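Coordinates as given in model.tsv (TSV, C-alpha atoms):
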chain	number	residue	atom	x	y	z
F	1	MET	CA	69.94	159.87	50.05
F	2	ILE	CA	73.17	160.58	51.94
F	3	ASP	CA	76.49	160.29	50.08
F	4	ASN	CA	76.33	156.71	48.81
F	5	LYS	CA	79.77	156.15	47.36
F	6	PHE	CA	80.60	154.05	50.43
F	7	THR	CA	79.35	150.65	51.45
F	8	VAL	CA	77.57	151.25	54.76
F	9	ILE	CA	77.00	148.67	57.50
F	10	ASP	CA	75.20	149.82	60.65
F	11	SER	CA	76.87	147.70	63.33
F	12	HIS	CA	74.50	148.32	66.24
F	13	CYS	CA	70.74	147.76	65.86
F	14	HIS	CA	68.20	146.21	68.22
F	15	ILE	CA	65.17	144.43	66.79
F	16	TYR	CA	62.17	142.77	68.42
F	17	PRO	CA	59.21	140.61	67.37
F	18	GLU	CA	56.36	142.87	66.28
F	19	LYS	CA	54.07	141.79	69.12
F	20	ILE	CA	56.49	143.01	71.80
F	21	ALA	CA	58.35	145.76	69.91
F	22	LYS	CA	56.34	148.68	71.28
F	23	PRO	CA	56.72	147.84	75.00
F	24	ALA	CA	60.37	146.83	74.48
F	25	VAL	CA	61.19	150.15	72.82
F	26	GLU	CA	59.31	152.11	75.48
F	27	SER	CA	61.16	150.25	78.22
F	28	THR	CA	64.53	151.07	76.65
F	29	GLY	CA	63.53	154.72	76.32
F	30	ARG	CA	62.62	154.86	80.01
F	31	PHE	CA	65.92	153.22	80.96
F	32	TYR	CA	67.89	156.00	79.23
F	33	ASP	CA	65.35	158.76	79.88
F	34	MET	CA	65.02	159.31	76.13
F	35	THR	CA	62.24	159.11	73.59
F	36	ALA	CA	63.16	156.39	71.11
F	37	LEU	CA	62.97	157.47	67.48
F	38	GLY	CA	62.28	154.05	65.94
F	39	ASP	CA	59.72	151.30	66.46
F	40	GLY	CA	62.17	148.37	66.83
F	41	THR	CA	60.81	146.34	63.89
F	42	VAL	CA	62.81	144.86	61.05
F	43	ASN	CA	60.57	146.35	58.37
F	44	SER	CA	61.09	149.86	59.70
F	45	LEU	CA	64.85	149.33	59.92
F	46	LEU	CA	65.09	148.05	56.35
F	47	GLU	CA	62.99	150.92	55.04
F	48	LEU	CA	65.30	153.43	56.71
F	49	GLY	CA	68.30	151.69	55.19
F	50	LYS	CA	66.79	151.79	51.72
F	51	ARG	CA	66.01	155.48	52.09
F	52	VAL	CA	69.53	156.61	52.99
F	53	GLY	CA	71.75	153.96	51.43
F	54	ILE	CA	72.65	151.72	54.37
F	55	ASP	CA	73.46	148.33	52.88
F	56	ARG	CA	73.41	146.02	55.90
F	57	PHE	CA	72.60	146.01	59.60
F	58	VAL	CA	74.08	144.06	62.51
F	59	VAL	CA	71.00	143.10	64.55
F	60	GLN	CA	70.76	141.89	68.12
F	61	SER	CA	68.70	141.73	71.28
F	62	VAL	CA	69.49	141.10	74.94
F	63	ALA	CA	68.35	138.34	77.31
F	64	THR	CA	67.39	139.71	80.72
F	65	THR	CA	66.96	136.17	82.09
F	66	PRO	CA	68.68	132.89	81.14
F	67	HIS	CA	65.48	131.32	79.83
F	68	GLN	CA	65.19	134.03	77.16
F	69	VAL	CA	68.53	133.19	75.52
F	70	LYS	CA	67.35	130.40	73.21
F	71	SER	CA	64.21	132.14	71.97
F	72	ILE	CA	65.98	135.45	71.33
F	73	ASN	CA	68.80	133.78	69.42
F	74	GLU	CA	66.35	131.82	67.31
F	75	PHE	CA	64.33	134.98	66.60
F	76	ILE	CA	67.43	136.82	65.39
F	77	ALA	CA	68.43	133.85	63.22
F	78	ARG	CA	64.94	133.71	61.66
F	79	GLU	CA	65.03	137.39	60.76
F	80	VAL	CA	68.49	137.03	59.24
F	81	ALA	CA	67.25	134.05	57.18
F	82	LEU	CA	64.41	136.20	55.83
F	83	TYR	CA	66.76	139.03	54.80
F	84	PRO	CA	70.19	137.45	54.36
F	85	ASP	CA	71.46	140.20	52.07
F	86	HIS	CA	70.67	142.92	54.60
F	87	LEU	CA	70.97	141.50	58.12
F	88	ILE	CA	73.91	140.14	60.12
F	89	GLY	CA	72.91	138.53	63.41
F	90	LEU	CA	74.47	138.47	66.85
F	91	GLY	CA	73.40	136.14	69.63
F	92	THR	CA	72.97	136.84	73.30
F	93	LEU	CA	74.17	135.03	76.43
F	94	HIS	CA	73.31	135.37	80.11
F	95	PRO	CA	75.91	134.75	82.85
F	96	GLU	CA	73.42	132.84	85.03
F	97	SER	CA	72.77	130.19	82.37
F	98	ASP	CA	73.38	126.60	83.44
F	99	ASP	CA	74.85	125.74	80.05
F	100	LEU	CA	76.90	128.59	78.62
F	101	LYS	CA	78.87	126.20	76.46
F	102	GLY	CA	75.67	124.81	74.96
F	103	ASP	CA	74.25	128.31	74.47
F	104	LEU	CA	77.34	129.40	72.56
F	105	ALA	CA	77.30	126.23	70.47
F	106	HIS	CA	73.67	127.03	69.57
F	107	ILE	CA	74.69	130.55	68.52
F	108	LYS	CA	77.27	129.04	66.18
F	109	GLU	CA	74.79	126.50	64.81
F	110	LEU	CA	72.38	129.31	64.03
F	111	GLY	CA	75.06	131.06	61.99
F	112	LEU	CA	75.20	134.14	64.20
F	113	HIS	CA	78.43	136.12	64.09
F	114	GLY	CA	79.04	137.26	67.65
F	115	VAL	CA	77.59	137.81	71.11
F	116	LYS	CA	75.87	140.90	72.49
F	117	LEU	CA	76.03	141.64	76.23
F	118	HIS	CA	74.47	144.58	78.10
F	119	PRO	CA	75.75	144.57	81.68
F	120	ASP	CA	73.54	147.47	82.81
F	121	ILE	CA	70.29	145.88	81.62
F	122	GLN	CA	71.34	142.30	82.43
F	123	LYS	CA	72.50	143.47	85.87
F	124	PHE	CA	76.01	142.08	86.07
F	125	LYS	CA	79.39	143.74	86.41
F	126	ILE	CA	81.73	143.17	83.49
F	127	ASP	CA	84.33	141.66	85.83
F	128	ASP	CA	81.81	139.53	87.77
F	129	TYR	CA	83.16	136.01	88.22
F	130	ARG	CA	79.99	134.62	86.61
F	131	CYS	CA	81.01	136.21	83.30
F	132	LEU	CA	84.50	134.75	83.11
F	133	LYS	CA	83.25	131.57	81.45
F	134	ILE	CA	81.67	133.67	78.70
F	135	TYR	CA	84.95	135.41	78.00
F	136	GLU	CA	86.89	132.15	78.09
F	137	LEU	CA	84.50	130.45	75.66
F	138	CYS	CA	84.35	133.38	73.25
F	139	GLU	CA	88.13	133.76	73.29
F	140	ASN	CA	88.63	130.05	72.59
F	141	GLU	CA	86.03	130.08	69.80
F	142	ASN	CA	87.27	133.40	68.36
F	143	ILE	CA	83.79	134.94	68.70
F	144	PRO	CA	83.62	138.74	69.14
F	145	ILE	CA	81.61	140.28	71.94
F	146	LEU	CA	79.71	143.51	71.36
F	147	MET	CA	79.28	144.94	74.84
F	148	HIS	CA	77.40	147.94	76.10
F	149	THR	CA	80.00	150.05	77.89
F	150	GLY	CA	79.62	153.06	80.14
F	151	ASP	CA	76.94	154.75	82.22
F	152	TYR	CA	77.62	157.45	84.79
F	153	ARG	CA	74.58	156.28	86.79
F	154	TYR	CA	75.86	152.76	87.49
F	155	ASP	CA	79.05	150.77	87.90
F	156	TYR	CA	78.25	147.68	85.85
F	157	SER	CA	79.94	148.51	82.56
F	158	ASN	CA	82.31	151.39	83.14
F	159	PRO	CA	85.92	151.24	81.91
F	160	ASN	CA	87.33	150.25	85.30
F	161	ARG	CA	85.36	146.99	85.05
F	162	LEU	CA	86.57	146.20	81.53
F	163	VAL	CA	90.30	146.83	82.02
F	164	PRO	CA	91.03	143.60	83.97
F	165	ILE	CA	89.12	141.53	81.40
F	166	LEU	CA	91.15	142.94	78.51
F	167	ASP	CA	94.32	142.31	80.56
F	168	ILE	CA	93.43	138.64	81.15
F	169	TYR	CA	91.75	137.65	77.87
F	170	LYS	CA	94.24	139.13	75.44
F	171	ASN	CA	92.89	137.21	72.44
F	172	LEU	CA	89.25	138.09	73.11
F	173	THR	CA	87.81	140.65	70.70
F	174	VAL	CA	85.57	143.14	72.49
F	175	ILE	CA	83.65	145.89	70.73
F	176	GLY	CA	82.76	148.58	73.25
F	177	ALA	CA	79.52	150.24	72.26
F	178	HIS	CA	79.14	154.01	72.40
F	179	LEU	CA	82.79	154.88	71.68
F	180	GLY	CA	83.84	152.73	74.61
F	181	GLY	CA	81.71	154.31	77.31
F	182	TRP	CA	78.36	156.05	77.04
F	183	SER	CA	78.39	159.29	79.07
F	184	VAL	CA	81.97	158.57	80.28
F	185	TRP	CA	83.74	159.01	76.96
F	186	ASP	CA	86.86	160.73	78.34
F	187	GLU	CA	87.47	158.01	80.91
F	188	ALA	CA	86.90	155.32	78.30
F	189	VAL	CA	89.36	156.61	75.74
F	190	GLU	CA	91.97	157.22	78.46
F	191	LYS	CA	91.73	153.71	79.94
F	192	LEU	CA	90.84	151.55	76.94
F	193	SER	CA	92.41	152.98	73.80
F	194	GLY	CA	95.70	151.14	74.35
F	195	TYR	CA	94.19	147.66	74.05
F	196	LYS	CA	94.62	146.30	70.53
F	197	ASN	CA	91.87	143.70	71.00
F	198	PHE	CA	89.38	146.45	71.88
F	199	TYR	CA	87.22	148.12	69.25
F	200	VAL	CA	84.41	150.66	69.59
F	201	ASP	CA	81.28	151.65	67.74
F	202	SER	CA	79.90	155.16	67.29
F	203	SER	CA	76.36	154.45	68.49
F	204	SER	CA	74.62	156.76	70.99
F	205	SER	CA	77.56	159.13	71.05
F	206	LEU	CA	77.67	161.55	68.13
F	207	TYR	CA	74.45	163.24	69.27
F	208	GLU	CA	76.19	164.44	72.42
F	209	LEU	CA	79.84	164.99	71.48
F	210	PRO	CA	81.18	168.07	69.69
F	211	ILE	CA	82.69	167.30	66.30
F	212	GLU	CA	86.21	168.05	67.53
F	213	LYS	CA	85.89	165.62	70.44
F	214	SER	CA	84.39	162.91	68.21
F	215	ILE	CA	87.33	163.20	65.86
F	216	HIS	CA	89.80	163.11	68.77
F	217	ILE	CA	88.23	159.96	70.20
F	218	ILE	CA	88.01	158.20	66.82
F	219	ARG	CA	91.62	158.95	65.97
F	220	THR	CA	92.88	158.05	69.44
F	221	TYR	CA	91.37	154.58	69.10
F	222	GLY	CA	92.34	154.56	65.42
F	223	ALA	CA	89.92	154.44	62.50
F	224	ASP	CA	90.82	150.77	62.04
F	225	ARG	CA	89.20	150.06	65.43
F	226	VAL	CA	85.97	152.05	65.06
F	227	LEU	CA	82.63	150.87	63.64
F	228	PHE	CA	79.67	152.97	62.58
F	229	GLY	CA	76.53	152.20	64.59
F	230	SER	CA	73.19	153.89	65.17
F	231	ASP	CA	71.66	152.12	68.21
F	232	PHE	CA	68.30	151.75	66.47
F	233	PRO	CA	65.56	152.15	67.70
F	234	VAL	CA	66.71	154.66	70.34
F	235	PHE	CA	68.38	156.61	67.54
F	236	SER	CA	67.57	156.58	63.84
F	237	PRO	CA	70.11	155.22	61.32
F	238	ASP	CA	69.44	158.00	58.83
F	239	ILE	CA	70.14	160.74	61.39
F	240	GLU	CA	73.20	158.95	62.78
F	241	LEU	CA	74.64	158.41	59.30
F	242	GLY	CA	74.18	162.10	58.64
F	243	ARG	CA	76.02	162.95	61.85
F	244	PHE	CA	78.84	160.60	60.94
F	245	MET	CA	79.18	161.92	57.40
F	246	ALA	CA	79.47	165.46	58.80
F	247	LEU	CA	82.72	164.52	60.57
F	248	PRO	CA	85.86	165.73	58.75
F	249	LEU	CA	87.33	162.28	58.14
F	250	THR	CA	89.30	161.04	55.16
F	251	ASP	CA	87.74	158.66	52.65
F	252	ASP	CA	90.03	155.89	53.90
F	253	GLU	CA	88.84	156.46	57.47
F	254	ARG	CA	85.21	156.44	56.34
F	255	ARG	CA	85.63	153.18	54.45
F	256	MET	CA	87.13	151.46	57.48
F	257	ILE	CA	84.50	152.74	59.89
F	258	LEU	CA	81.48	152.30	57.61
F	259	SER	CA	82.16	148.74	56.48
F	260	GLU	CA	85.69	147.35	56.38
F	261	ASN	CA	86.11	146.91	60.14
F	262	VAL	CA	82.75	145.14	60.50
F	263	ILE	CA	83.57	142.79	57.64
F	264	LYS	CA	86.91	141.96	59.26
F	265	LEU	CA	85.65	141.47	62.82
F	266	TYR	CA	82.62	139.36	61.97
F	267	LYS	CA	84.33	137.49	59.10
F	268	LEU	CA	81.66	138.41	56.57
Will you turn the file into structure tokens for me?
Amino acid sequence: MIDNKFTVIDSHCHIYPEKIAKPAVESTGRFYDMTALGDGTVNSLLELGKRVGIDRFVVQSVATTPHQVKSINEFIAREVALYPDHLIGLGTLHPESDDLKGDLAHIKELGLHGVKLHPDIQKFKIDDYRCLKIYELCENENIPILMHTGDYRYDYSNPNRLVPILDIYKNLTVIGAHLGGWSVWDEAVEKLSGYKNFYVDSSSSLYELPIEKSIHIIRTYGADRVLFGSDFPVFSPDIELGRFMALPLTDDERRMILSENVIKLYKL
């Protein structure tokens, strides 16, 4: 058990139905050229949380085609209903949907707390005109977007694509996964840290960054704009929590990052 004096919410976890979990996890591992550490199932995630003292998990999945949106959102909602004390659900949208307004209304009806987008996997650029309706709807409905950000191999989700969106949709809350830009952390903190409606999570980052750089990035954004996240199943929540707890942060900073910011953003 890792230091358990804090409430801990893991803000970035992917889950899949058991019958497709194995191929889904393997596909994600191939995409990032990594061996995933988890199996992508809810039971495994909850067991890890119990073992190390993680109280709740924000769970999500991503629609690679428009026709997947409804079934994925309903799957996430069903899992949350089974474990309401431990899971917080996010929905997904796809920019090529014929009814984005209806899709978002369905997310709200299901009681999901935000929207997850992954431009690199869904194959759209953050500033693609097809996505503008998503941002407009989420801004009007005050629904946060958790967005994969950054990848040196592509130009779908890098900081240059996000800057104009944050400039236009000033009341849209965006949480940039992976400290604002996986594999392009320096560029991300330079270009994005000044936006007060932009938050980041720590997922898929602490494994690569030296402690000093992690602290610099966290404090440049501000601990009130950082969320703890593991990126299960690619990374394991117990290992990521250990990495986070090894950072020389104050107790106040830990409380904000481990739970208070998630509670505020998703209105828990």
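Across the structure, atom CA of Glu26 of chain F and atom CA of Ile9 of chain F are spaced 25.5 Å apart.
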### Query
What's the 10 Å shell around Lys133 of chain F, counting only C-alpha atoms, without same-chain residues fewer than 3 positions away, as a list of chain:residue names?
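My reading of the contact set: F:Pro95, F:Leu100, F:Lys101, F:Tyr129, F:Arg130, F:Glu136, F:Leu137, F:Cys138, F:Glu139.
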Can you write just those residues out, C-alpha atoms, as a PDB file, in the frame of the given file?
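result_24.pdb, freshly written:
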ATOM      1  CA  PRO F  95      75.910 134.750  82.850  1.00  0.00           C
ATOM      2  CA  LEU F 100      76.900 128.590  78.620  1.00  0.00           C
ATOM      3  CA  LYS F 101      78.870 126.200  76.460  1.00  0.00           C
ATOM      4  CA  TYR F 129      83.160 136.010  88.220  1.00  0.00           C
ATOM      5  CA  ARG F 130      79.990 134.620  86.610  1.00  0.00           C
ATOM      6  CA  GLU F 136      86.890 132.150  78.090  1.00  0.00           C
ATOM      7  CA  LEU F 137      84.500 130.450  75.660  1.00  0.00           C
ATOM      8  CA  CYS F 138      84.350 133.380  73.250  1.00  0.00           C
ATOM      9  CA  GLU F 139      88.130 133.760  73.290  1.00  0.00           C
TER      10      GLU F 139
END
Restrict the calculation to only C-alpha atoms, then for each residue of segment 17-108 of chain F with any atom at most 12 Å from an atom of segment 187-208 of chain F give the closest atom pair and their distance in Å to one decimal, rows by chain and rising residue number, as CSV.
residue,atom,partner,partner_atom,distance
F:Tyr32,CA,F:Ser204,CA,10.7
F:Met34,CA,F:Ser204,CA,11.2
F:Ala36,CA,F:Ser204,CA,11.5
F:Val58,CA,F:Asp201,CA,11.7
Please, could you write that set of residues out with C-alpha atoms as a PDB file, in the coordinates of the input?
ATOM      1  CA  TYR F  32      67.890 156.000  79.230  1.00  0.00           C
ATOM      2  CA  MET F  34      65.020 159.310  76.130  1.00  0.00           C
ATOM      3  CA  ALA F  36      63.160 156.390  71.110  1.00  0.00           C
ATOM      4  CA  VAL F  58      74.080 144.060  62.510  1.00  0.00           C
TER       5      VAL F  58
END
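Of note, atom CA of Asp252 of chain F and atom CA of Glu212 of chain F are spaced 18.7 Å apart.
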### Query
What does the distance from atom CA of Pro66 of chain F to atom CA of Asp128 of chain F come to in Å, to one decimal?
16.1 Å
### Task
Tell me, as a list of chain:residue names, which residues lie within 10 Å of Leu265 of chain F, counting only C-alpha atoms; anything in the same chain fewer than 4 positions away does not count.
F:His113, F:Gly114, F:Asn142, F:Ile143, F:Pro144, F:Thr173, F:Val174, F:Ile175, F:Tyr199, F:Arg225, F:Leu227, F:Glu260, F:Asn261
### Query
In terms of the shortest atom-to-atom distance over only C-alpha atoms, which of F:Asp224, F:Asp39, F:Asp155, F:Pro233 is closest to Arg254 of chain F?
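With only C-alpha atoms as the atom set, the closest residue is F:Asp224.
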### Query
Which residue gives the smallest distance to Val69 of chain F among F:Lys50, F:Lys264, F:Arg56, F:Lys116, with all atoms listed in the file counted?
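Once distances to Val69 of chain F are computed over all atoms listed in the file, the minimum belongs to F:Lys116.
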### Query
Using all atoms listed in the file, which residue out of F:Glu240, F:Asp127, F:Leu110, F:Ser11 lies closest to Ala81 of chain F?
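Residue with the minimum atom-to-atom distance to Ala81 of chain F: F:Leu110.
Distance check against Leu90 of chain F using only C-alpha atoms: of F:Leu37, F:Ile145, F:Ile257, F:Ile217, the minimum falls on F:Ile145.
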